[in-house]
Structure formats: C-alpha cells, structure tokens
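One structure is given below, encoded as structure tokens.
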Protein chains: 2
Amino acid sequence: MSETTHKQTPETRERILDAAEGLFMAHGFEATSMRMITGMAHVNLAAVNYHFGTKDALIHEVFRRRLRDLNRRRLAALSAEEVAAGGAPVKPSRIVEAFFGVSIEMASDTQHGGATFMRLLGRTYTEPNEFVRKFLAEEYAEVVDRFMGALYRALPDVPREEILWRFHFMMGAMSYAIAGTDALQLFAGEFDDKDPARLMERLMSFLLGGLRAPLPATTAQHMESRRNAA
Amino acid sequence: MSETTHKQTPETRERILDAAEGLFMAHGFEATSMRMITGMAHVNLAAVNYHFGTKDALIHEVFRRRLRDLNRRRLAALSAEEVAAGGAPVKPSRIVEAFFGVSIEMASDTQHGGATFMRLLGRTYTEPNEFVRKFLAEEYAEVVDRFMGALYRALPDVPREEILWRFHFMMGAMSYAIAGTDALQLFAGEFDDKDPARLMERLMSFLLGGLRAPLPATTAQHMESRRNAA
DNA sequence: GTATGATTCAAACGAACGTTTGATTCAATG
DNA sequence: CATTGAATCAAACGTTCGTTTGAATCATAC
C-alpha cells in the first residue's frame with residue numbers, strides 16, 4: 001500500500017462524518033451527494049452504506065454525534081445554576097445564558113468542527129424534511145422539558161404560551177447569529193467581524209432585552225382580567 | 001374538450017407558481033420535483049420549461065412575484081414615517097415597525113398565499129443554494145439601503161456594526177415567528193395559537209426589547225474611549 | 001376555411017442519484 | 001500458515017431527475 005495503509009477502521013467513520021457535516025452545511029442535505037461525501041473523505045463510495053446503512057442514517061448520525069454532547073452541557077449548565085440558586089427559582093437571565101451560552105461556546109470552537117455543526121444545526125431547525133425534524137425533536141425532548149420548567153418556575157406570572165414564543169424568537173435570533181455572515185451579507189456586502197466573544201455579548205444583550213420586554217397589550221389585558229376575577 | 005377547455009394561457013403560469021410556492025415551502029427546492037409541481041398544478045410536465053425555461057428560473061419567479069410587492073410596501077411604510085417625522089430622524093421603533101409590520105401583515109394573508117410565501121421566504125434567508133441567495137440580495141438591495149440609512153440616522157451614537165447585528169437578530173426572530181409552529185413543535189407538542197394579530201404584538205414587543213437593550217460592555221467601552229479621545 | 005403562432009401533450013433523452021453486489025484485501029486468531 | 005470476519009474496492013443496479021422533442025390542439029387573423 002502506498003499511503004496510510006488503509007484499514008484503521010475507526011478513522012473512516014470519522015472522516016465520513018466530518019466531510020458530510022461540512023458539505024451538508026455548505027449545500028444542504030439533498031444537494032450533497034454520496035459521491036461528494038466519499039470524494040471529500042477519500043473513501044470508497046460504498047463506505048457510507050457499509051458503515052451507516054443509508055444516507056438518512058448518516059444524516060442522523062452527523063447530528064447525534066454532536067447533539068448528545070451539546071445538550072449534555074446545556075443540562076449541566078442549568079443544573080449548576082439550580083444548585084447555585086439553592087431551591088429558589090433560577091433567574092431568567094441565567095437560564096437563557098445557560099442555554100444559549102453553551103450554543104455560542106460550541107459555535108466558537110473552530111478546531112473540532114463545532115462551528116460548522118452549529119451553523120448546520122441553525123438552519124436545520126427550519127428544515128422541511130420530516131424525518132430530520134423528527135429525531136431533532138427526540139434529541140431535544142429532555143432539554144426542552146428542563147429549561148421550560150425552569151422558566152415557568154422563574155416567571156410564574158407570565159403565561160406559558162408567552163414564554164414559549166419568546167424562547168422561540170430567541171432561537172431564531174441565535175440561529176441567524178450563528179449562521180452568521182451568510183445571511184448578513186444580504187444586508188451588507190463587506191462584513192467580517194467574526195470575534196465569537198463579541199458575538200456572544202451582542203447576542204446576549206439582544207436576547208435578554210427581548211426576554212425582559214414588556215408583555216404585549218393583549219396578553220397583559222388577559223392577565224389583568226384573570227387577576228380581577230380571582 | 002371535457003373540462004376547462006384547456007387554453008386560457010395566463011392561468012397556467014399562475015397555477016404553476018402557486019403549486020411551486022406551496023411545495024417549495026413544504027419540502028424545499030431540491031426535494032420538490034417538476035413532476036410534483038406539474039402534477040399539483042394539473043398541467044403538462046413540459047409546461048414549466050415552456051413558460052419559465054428551467055427549474056431555477058421558476059424558483060426565481062416564485063420569489064420575484066411576491067417580493068416586488070412586499071418590498072414596495074416596506075418602502076412606502078418607511079416613506080410615510082419619514083414624511084410624518086418632517087425632516088427629523090424617524091424613531092427606531094417606527095422604523096422596525098415599518099419593516100417587520102409589513103412582513104407580518106403579508107404573513108397574515110392566508111387568502112392570497114401570502115402566508116405560504118412568507119414561511120418560504122423565512123427559511124430561504126439561510127438557504128445554502130448560492131443562486132437563490134444571489135437574487136435575494138438583489139431584490140433586497142434598495143430596501144436595505146433605505147432602512148439601514150434610516151436606522152443610522154436615528155441612532156447616530158450606536159456603532160453601525162451593532163445596528164447591523166441587531167437587525168440581523170431581528171430577522172432571525174421574525175423568520176422563526178413566521179415559520180411558526182413548525183419549529184415550535186420542537187419545543188411543545190400541542191401548540192395552536194395562530195392568531196396573527198397577537199403574533200404581531202408578541203414579536204414586536206420582543207424585537208423592540210432587543211433593539212433597546214443596553215449595548216454590550218465591550219461595545220460601550222469602545223464608544224467611551226472614543227468619546228474621551230475626542 | 002385556411003394559415004399562423006402560441007400552447008399543450010405523450011414520450012423519450014442522458015445524467016445523476018442512492019444503493020447493492022461480489023471479489024479482494026486487510027488484521028487478527030488458532 | 002491457514003482461516004475467518006471485517007473492511008475496501010470497482011462496477012453495476014434500477015430509479016428518478018430536469019430537460020428536450022415533435023406532433024397535436026387551440027385561438028386568432030386574413
């Protein structure tokens with residue numbers, strides 16, 4: 001054999017996953033062919049089907065590999081806040097920071113592909129593909145439960161629907177923040193501030209500003225009439 | 001001929017555009033085939049190529065058809081605010097309302113496909129496909145110029161980069177708001193509040209809260225040192 | 001009513017897709 | 001050193017894709 005003595009098995013899987021991750025991010029799932037993936041990974045065309053079964057299973061694994069760690073760190077961050085609060089409800093801003101801080105942290109990791117993955121993840125929340133959204137929901141189930149529960153406890157007077165929507169809005173802002181310059185170039189041709197620390201600052205200011213904004217008039221009215229009835 | 005005496009030309013184009021719009025929204029561009037489009041539109045397979053040339057040209061026309069009107073209304077709304085302000089800078093909140101208000105207005109129009117299109121548009125801002133983003137940038141060029149200029153004038157002390165980012169975040173929040181329940185179901189299985197008026201309220205509160213949030217520490221420091229130097 | 005240009009139609013085109021196959025090569029076991 | 005199971009390889013599979021073709025059908029003008 002001329003090079004790399006092909007046959008250190010574990011490396012093939014990783015190379016495929018890395019290549020697929022980058023190509024999915026750059027071109028989307030459908031526009032990325034098996035031949036593109038195996039070509040970039042320098043493996044045989046049949047390797048994907050051998051190691052993962054189907055293309056869909058590969059997509060699944062690309063997400064599972066990173067999402068497991070991402071959500072484990074999110075839960076750990078929330079747990080740490082809950083311990084620090086000692087029984088009392090965690091402040092909303094700390095909850096938001098726990099969730100989105102980990103996101104941006106991972107998005108800042110350009111060494112191990114974290115940045116690539118987060119950009120892929122950001123645009124996948126709105127992915128039309130049914131089966132992608134299905135397992136995304138599964139992977140998020142526990143995290144959603146924990147964080148929503150914490151927010152409900154922290155804001156007992158705010159309607160849960162309102163909290164859900166605001167969290168949804170925050171997810172959108174974060175996705176665009178991480179997807180980054182791609183969509184921003186729509187608005188400004190020249191634009192290259194990529195310092196992740198400053199991005200984190202910027203995004204957090206915006207998110208907390210939105211979270212703390214006065215409730216819309218209609219919602220406030222509903223709460224008022226409810227309070228009077230009680 | 002049995003039905004509809006096939007040959008009222010203008011209707012064929014519209015039927016294709018409407019079908020394509022809905023299918024692109026539901027499945028994405030690549031996953032939507034010409035056969036799906038022509039099947040749903042009840043026209044011959046070759047009709048798309050005859051009327052539009054290629055699939056890409058069809059995609060382009062799907063956007064151009066609605067975007068023209070959308071951005072014309074945005075510019076009109078901003079002009080009205082500028083007239084009302086009579087030479088003085090328009091308040092930031094009014095600028096934001098002019099831009100995003102028109103978006104939600106169109107997203108609320110379930111009669112003429114406006115809602116379908118806005119959901120499609122929301123997820124297209126982050127579209128990987130190069131040529132889609134290209135003509136999106138072209139269609140937006142004038143609107144971006146006008147609105148960014150207005151914001152710069154309204155907030156002369158805020159760094160332009162900061163304004164750009166916050167507008168970017170707002171776009172993300174709006175996209176998720178309009179893409180709506182799709183991504184929200186990720187977080188809450190049962191969820192069906194679709195009243196567009198309340199959504200508009202909710203989103204505006206959030207956006208203005210984020211826009212008015214205190215600047216991040218680093219940015220504030222930069223401004224401080226600049227002020228001292230002057 | 002016949003000529004004309006626009007539109008629709010059924011059928012086919014080559015290209016690219018995801019996947020499968022069967023032989024071959026590797027590392028490890030007895 | 002022969003055997004075994006895992007991994008890689010080149011080649012092909014059938015399907016679907018976007019697009020093209022040439023004949024058929026329409027509305028209109030002379």
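Quick note on naming: the chains in the structure tokens go A, B, ... in the order shown, residues restart at 1 in each chain, and ligands are numbered from 1 in order of appearance.
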Q.
Using only C-alpha atoms (C1' of nucleotides), which protein or nucleic acid residues come within 12 Å of stretch 12-20 of chain D? Drop anything in the same chain fewer than 4 positions from it, and give the result as a list in words.
A.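 The residues that qualify are Glu30, Ala31, Thr32, Ser33, Met34, Arg35, Met36, Leu45, Ala46, Ala47, Val48, Asn49, Tyr50, Gly53, Thr54, Lys55 and Asp56 of chain B; DA11, DA12, DC13, DG14, DA15, DA16, DC17, DG18, DT19, DT20, DT21 and DG22 of chain C.
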Worksheet entry | Contact residues around A:Phe24 with only C-alpha atoms (C1' of nucleotides) at 10 Å, ignoring same-chain residues under 2 positions, as a list in words |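 The residues satisfying every condition are Asp18, Ala19, Ala20, Glu21, Gly22, Ala26, His27, Gly28, Phe29, Glu30, Ala31, Thr32, Ser33, Ile37, Ile59, Val62, Thr116, Phe117 and Leu120 of chain A; Pro128 of chain B.
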Got a sec to pull out which chain D residues are within 12 Å of chain A, counting only C-alpha atoms (C1' of nucleotides), and send them as a ChimeraX atom specification? /D:6-11
Contacts from chain A to chain B, 7 Å maximum, only C-alpha atoms: show me the residue list as a PyMOL selection string.
chain A and resi 26-28+30-31+123+125-126+128-129+137+144+168-170+172-173+175-177+183-184+186-187+201-202+205-207+209-216
Dump C-alpha atoms for the selected residues as an mmCIF file, in the first residue's frame?
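Dumped to out-v3.cif:
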data_model
loop_
_atom_site.group_PDB
_atom_site.id
_atom_site.type_symbol
_atom_site.label_atom_id
_atom_site.label_comp_id
_atom_site.auth_asym_id
_atom_site.auth_seq_id
_atom_site.Cartn_x
_atom_site.Cartn_y
_atom_site.Cartn_z
ATOM 1 C CA ALA A 26 -22.438 24.279 2.650
ATOM 2 C CA HIS A 27 -25.002 22.770 0.281
ATOM 3 C CA GLY A 28 -27.847 21.227 2.280
ATOM 4 C CA GLU A 30 -30.382 16.940 -0.795
ATOM 5 C CA ALA A 31 -27.770 18.811 -2.775
ATOM 6 C CA ARG A 123 -30.588 26.105 9.541
ATOM 7 C CA TYR A 125 -34.455 23.848 12.870
ATOM 8 C CA THR A 126 -36.490 25.033 9.918
ATOM 9 C CA PRO A 128 -38.662 20.883 5.694
ATOM 10 C CA ASN A 129 -37.513 17.267 5.747
ATOM 11 C CA ALA A 137 -37.344 16.738 18.444
ATOM 12 C CA VAL A 144 -36.854 21.367 26.444
ATOM 13 C CA HIS A 168 -38.850 30.546 20.037
ATOM 14 C CA PHE A 169 -37.895 34.077 18.996
ATOM 15 C CA MET A 170 -34.598 33.708 20.834
ATOM 16 C CA GLY A 172 -34.405 32.365 15.722
ATOM 17 C CA ALA A 173 -32.093 35.192 16.683
ATOM 18 C CA SER A 175 -29.700 30.693 14.582
ATOM 19 C CA TYR A 176 -29.162 33.765 12.480
ATOM 20 C CA ALA A 177 -26.353 34.894 14.750
ATOM 21 C CA ALA A 183 -27.443 35.927 5.749
ATOM 22 C CA LEU A 184 -25.813 39.128 6.930
ATOM 23 C CA LEU A 186 -27.638 40.060 2.328
ATOM 24 C CA PHE A 187 -27.625 43.370 4.144
ATOM 25 C CA GLU A 201 -22.011 39.677 24.075
ATOM 26 C CA ARG A 202 -24.060 41.164 21.308
ATOM 27 C CA SER A 205 -27.746 41.740 25.209
ATOM 28 C CA PHE A 206 -30.328 41.388 22.493
ATOM 29 C CA LEU A 207 -31.883 38.190 23.848
ATOM 30 C CA GLY A 209 -33.605 42.750 26.126
ATOM 31 C CA GLY A 210 -36.263 40.805 24.249
ATOM 32 C CA LEU A 211 -36.957 38.486 27.154
ATOM 33 C CA ARG A 212 -37.460 41.379 29.568
ATOM 34 C CA ALA A 213 -39.564 43.462 27.199
ATOM 35 C CA PRO A 214 -42.997 44.481 28.484
ATOM 36 C CA LEU A 215 -45.691 41.970 27.610
ATOM 37 C CA PRO A 216 -47.876 42.831 24.626
#
- Looking only at alpha helix (DSSP H) from DSSP on the backbone, list the matching residues of stretch 71-156 of chain B as a VMD selection string. chain B and resid 71 to 85 92 to 108 114 to 124 130 to 154
Students should find that atom CA of B:Gly149 and atom CA of B:Gly101 are spaced 18.4 Å
Skipping near chain neighbours, those fewer than 2 positions away, what residues fall within 12 Å of D:DA24 using only C-alpha atoms (C1' of nucleotides), listed as a ChimeraX atom specification? /C:7-10 /D:22,26
